[in-house]
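Asker: This structure is in structure tokens; I'll ask about it shortly.
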Amino acid sequence: MKKLLRLGPFLLPYRLQIVFSLLILLVLTAIGLVIPIIIRNIIDFGITGGQDSYLIYASLVIAFLGLLRASFNYLQRYVNEWIAAHVGFDLRNELYDHIQHLPFSFHDHSQSGQLISRCIEDVRAIERFTGFGFVEIIRISLMMVLITIILFYQEPLLAVISLIPLIPLLLVTFNFGKRIGGYFYTVDNTLGDLSAQLQENVSGVQVVRAFARENFEIDRFSVKNRLLYKARVLVVSQWSKIMPTTNFLVALSTILIILFGGLLVIKGEMTVGEVVAFNGYLLMLAGPAQQLAWLVNSAGEAEAGTKRTFEILDIEPEISTHPDSYKLQTLAGKVEFSNVDFQYSGENAATLENLNAIVQPNQIVALIGPTGSGKSSLVNLIPRFYDVSEGQVLVDGHDVRTVDLISLRRQIGIVLQTSLLFSSTIRENIAFGRPDASLDEVINSAKAAQAHDFILDLPQGYETVVGERGVTLSGGQRQRIAIARALLLNPRILILDDSTSSVDIETERLIQDALNHLMEGRTTFIIAHRLSTVRKADIIFVMDHGRIVERGTNSELLDLNGLYRDIYELQLRDQDQFNDDLLVIHGNNQNPSGIRGLEKGLGIG
């Protein structure tokens, strides 16, 4: 239960509301303690003593106290739920904000379903506990102390006898409390795994259908669901064992009061009203004792949620803006890699080793090399998606680790290999990096990315809402919107990670024409496999096993007869010839004789 103490900072802003709730609790406790005394007097003076007027008076007092109690119960419930809702709101925001600032290395190894479960299910468990359990702990503690004092004040011997069964009840409850947190932690982790499985399946539904793997995925989900079922059944089974035990022990206390209290009445040492009041107080004590089992159950669930929540909040962001950092002014665009080593967290081998390179402002740099050679890893160091293991990455002479992250990243435009769009309008997606951009600016960026024409053909144009991840658009359309999004930033450094890989030949030509103009006046890094992109670069870096093994222009590298020429011979030359042939065909699509002549030349006529 110590983990629940970590919720203190989230409760502190609402201390006035908590104090108000505790004052209401004191009023309710006082009302509860008065009622058994009134019942005792009704029996001893009203019924046994034959005072009719007292019966009427006492009934009116009980009715008034009942209304008062109901009103305060409603008020306390509202205040408690208000506190719980605000704590949940703050905690969920804190968790989400923290996740936003965790490094890429964290997300590389985290399941999105687990993160979703922690933000929703775990925070909800904490919310439930702060809305009811927290106040109940105070109420139960207060009631147990006050009622125990009253019982011993009325009749010490009967108090000792009647409280004996409640001792094992408390022991059983506390023992249950030690175990239940671990059970709920297992439930929460299993639920997170199930959420991750569901999220992965929904995201990959097209692949599942394409390979007819529906039954396989159903079986995988069933296995995860069965584990969740077993974990929850274990909690229920433990809960079901403790409840009958508590009921029996409470009943045993009542039996002892009837037996020994009855004997005291017969001896004239107690009145009937006193015995009834004594039993009423005991039941008031037994109620909280029974509720302890439920409360421990709720606290265990909240403790598991708190543990899982703070497992995320305790992770220190590896990449953040240092307190002594400074904001970058407008960059010229010079980028330098100095003795750079880089290794992904959890990997044994280095991804980049002793890499050195200087890119001058406004240069266009193409990165080419086999898969896994470190091209994407290299450009990911520029906006500090990752930090170098050794060495430095500098922009205009500034180590990227010493500058304000936002001022750095706002001057870097990125188009990733896989274009992710959000479930919002086309306009909002393009203006994602600049929400304050005008419609004219958005349109100009879309025109530059050759996206304007197809956007106008959509039902609501720029206000058309795209589906999740942009699935309602083609790959080429998504890519052009992503390019427009990057261009709207007017970045000083532009990173294109194979950004034309998802478009057809005609679209690639249109985008390339736009990019050729737009790359002027900014430093551009291009990761590409198409020769039409690579050959126009000012300099080409050929990468292999985390090193730049060759550098130069297209013609210079071909003359070296090295790795670049091997890649060109094996992959790029045939692909480039094929692309050029298609462009010739497209250029002659209005000239049948031209097409026939081309076919004859290719030997297919």
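Residue names in the structure tokens use chain letters A, B, ... in the order shown, residue numbers from 1 in each chain, and ligand numbers from 1 in the order shown.
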For A:Ser21, please output as a PyMOL selection string all residues within 9 Å (counting only C-alpha atoms; exclusion window: fewer than 2 positions along the same chain).
Answerer: chain A and resi 16-19+23-26+75-77+79-80+135
Asker: Write out as a PyMOL selection string each polymer residue whose atoms come within 6 Å of A:Leu494, counting only C-alpha atoms; drop sequence neighbours fewer than 6 positions from it.
Answerer: chain A and resi 412-413+524
Asker: Could the residues in this selection be saved with N, CA and C atoms as a PDB file, in the first residue's frame?
Answerer:
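Okay, selection_23.pdb is ready:
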```
ATOM      1  N   ILE A 412      13.789  21.852 -38.980  1.00  0.00           N
ATOM      2  CA  ILE A 412      14.070  20.613 -39.705  1.00  0.00           C
ATOM      3  C   ILE A 412      12.767  20.039 -40.218  1.00  0.00           C
ATOM      4  N   GLY A 413      12.641  19.906 -41.518  1.00  0.00           N
ATOM      5  CA  GLY A 413      11.468  19.282 -42.115  1.00  0.00           C
ATOM      6  C   GLY A 413      11.768  17.835 -42.442  1.00  0.00           C
ATOM      7  N   THR A 524      19.698  19.599 -47.696  1.00  0.00           N
ATOM      8  CA  THR A 524      18.761  18.490 -47.873  1.00  0.00           C
ATOM      9  C   THR A 524      19.493  17.162 -47.796  1.00  0.00           C
TER      10      THR A 524
END
```
Asker: Restricting the calculation to only C-alpha atoms, which member of A:Ile495, A:Leu228, A:Ile138, A:Val388 is positioned closest to A:Ser345?
Answerer: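 Result for the nearest residue to A:Ser345: A:Val388.
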Asker: Measuring between only C-alpha atoms, which one of A:Gly397, A:Pro370, A:Pro156, A:Pro165 shows the shortest distance to A:Ala251?
Answerer: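 For A:Ala251, the nearest of the candidates is A:Pro165.
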Asker: Pick from A:Asn93, A:Tyr229, A:Leu166, A:Leu285: nearest to A:Arg139, with only C-alpha atoms counted?
Answerer: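 So, comparing all the options, the nearest one is A:Leu285.
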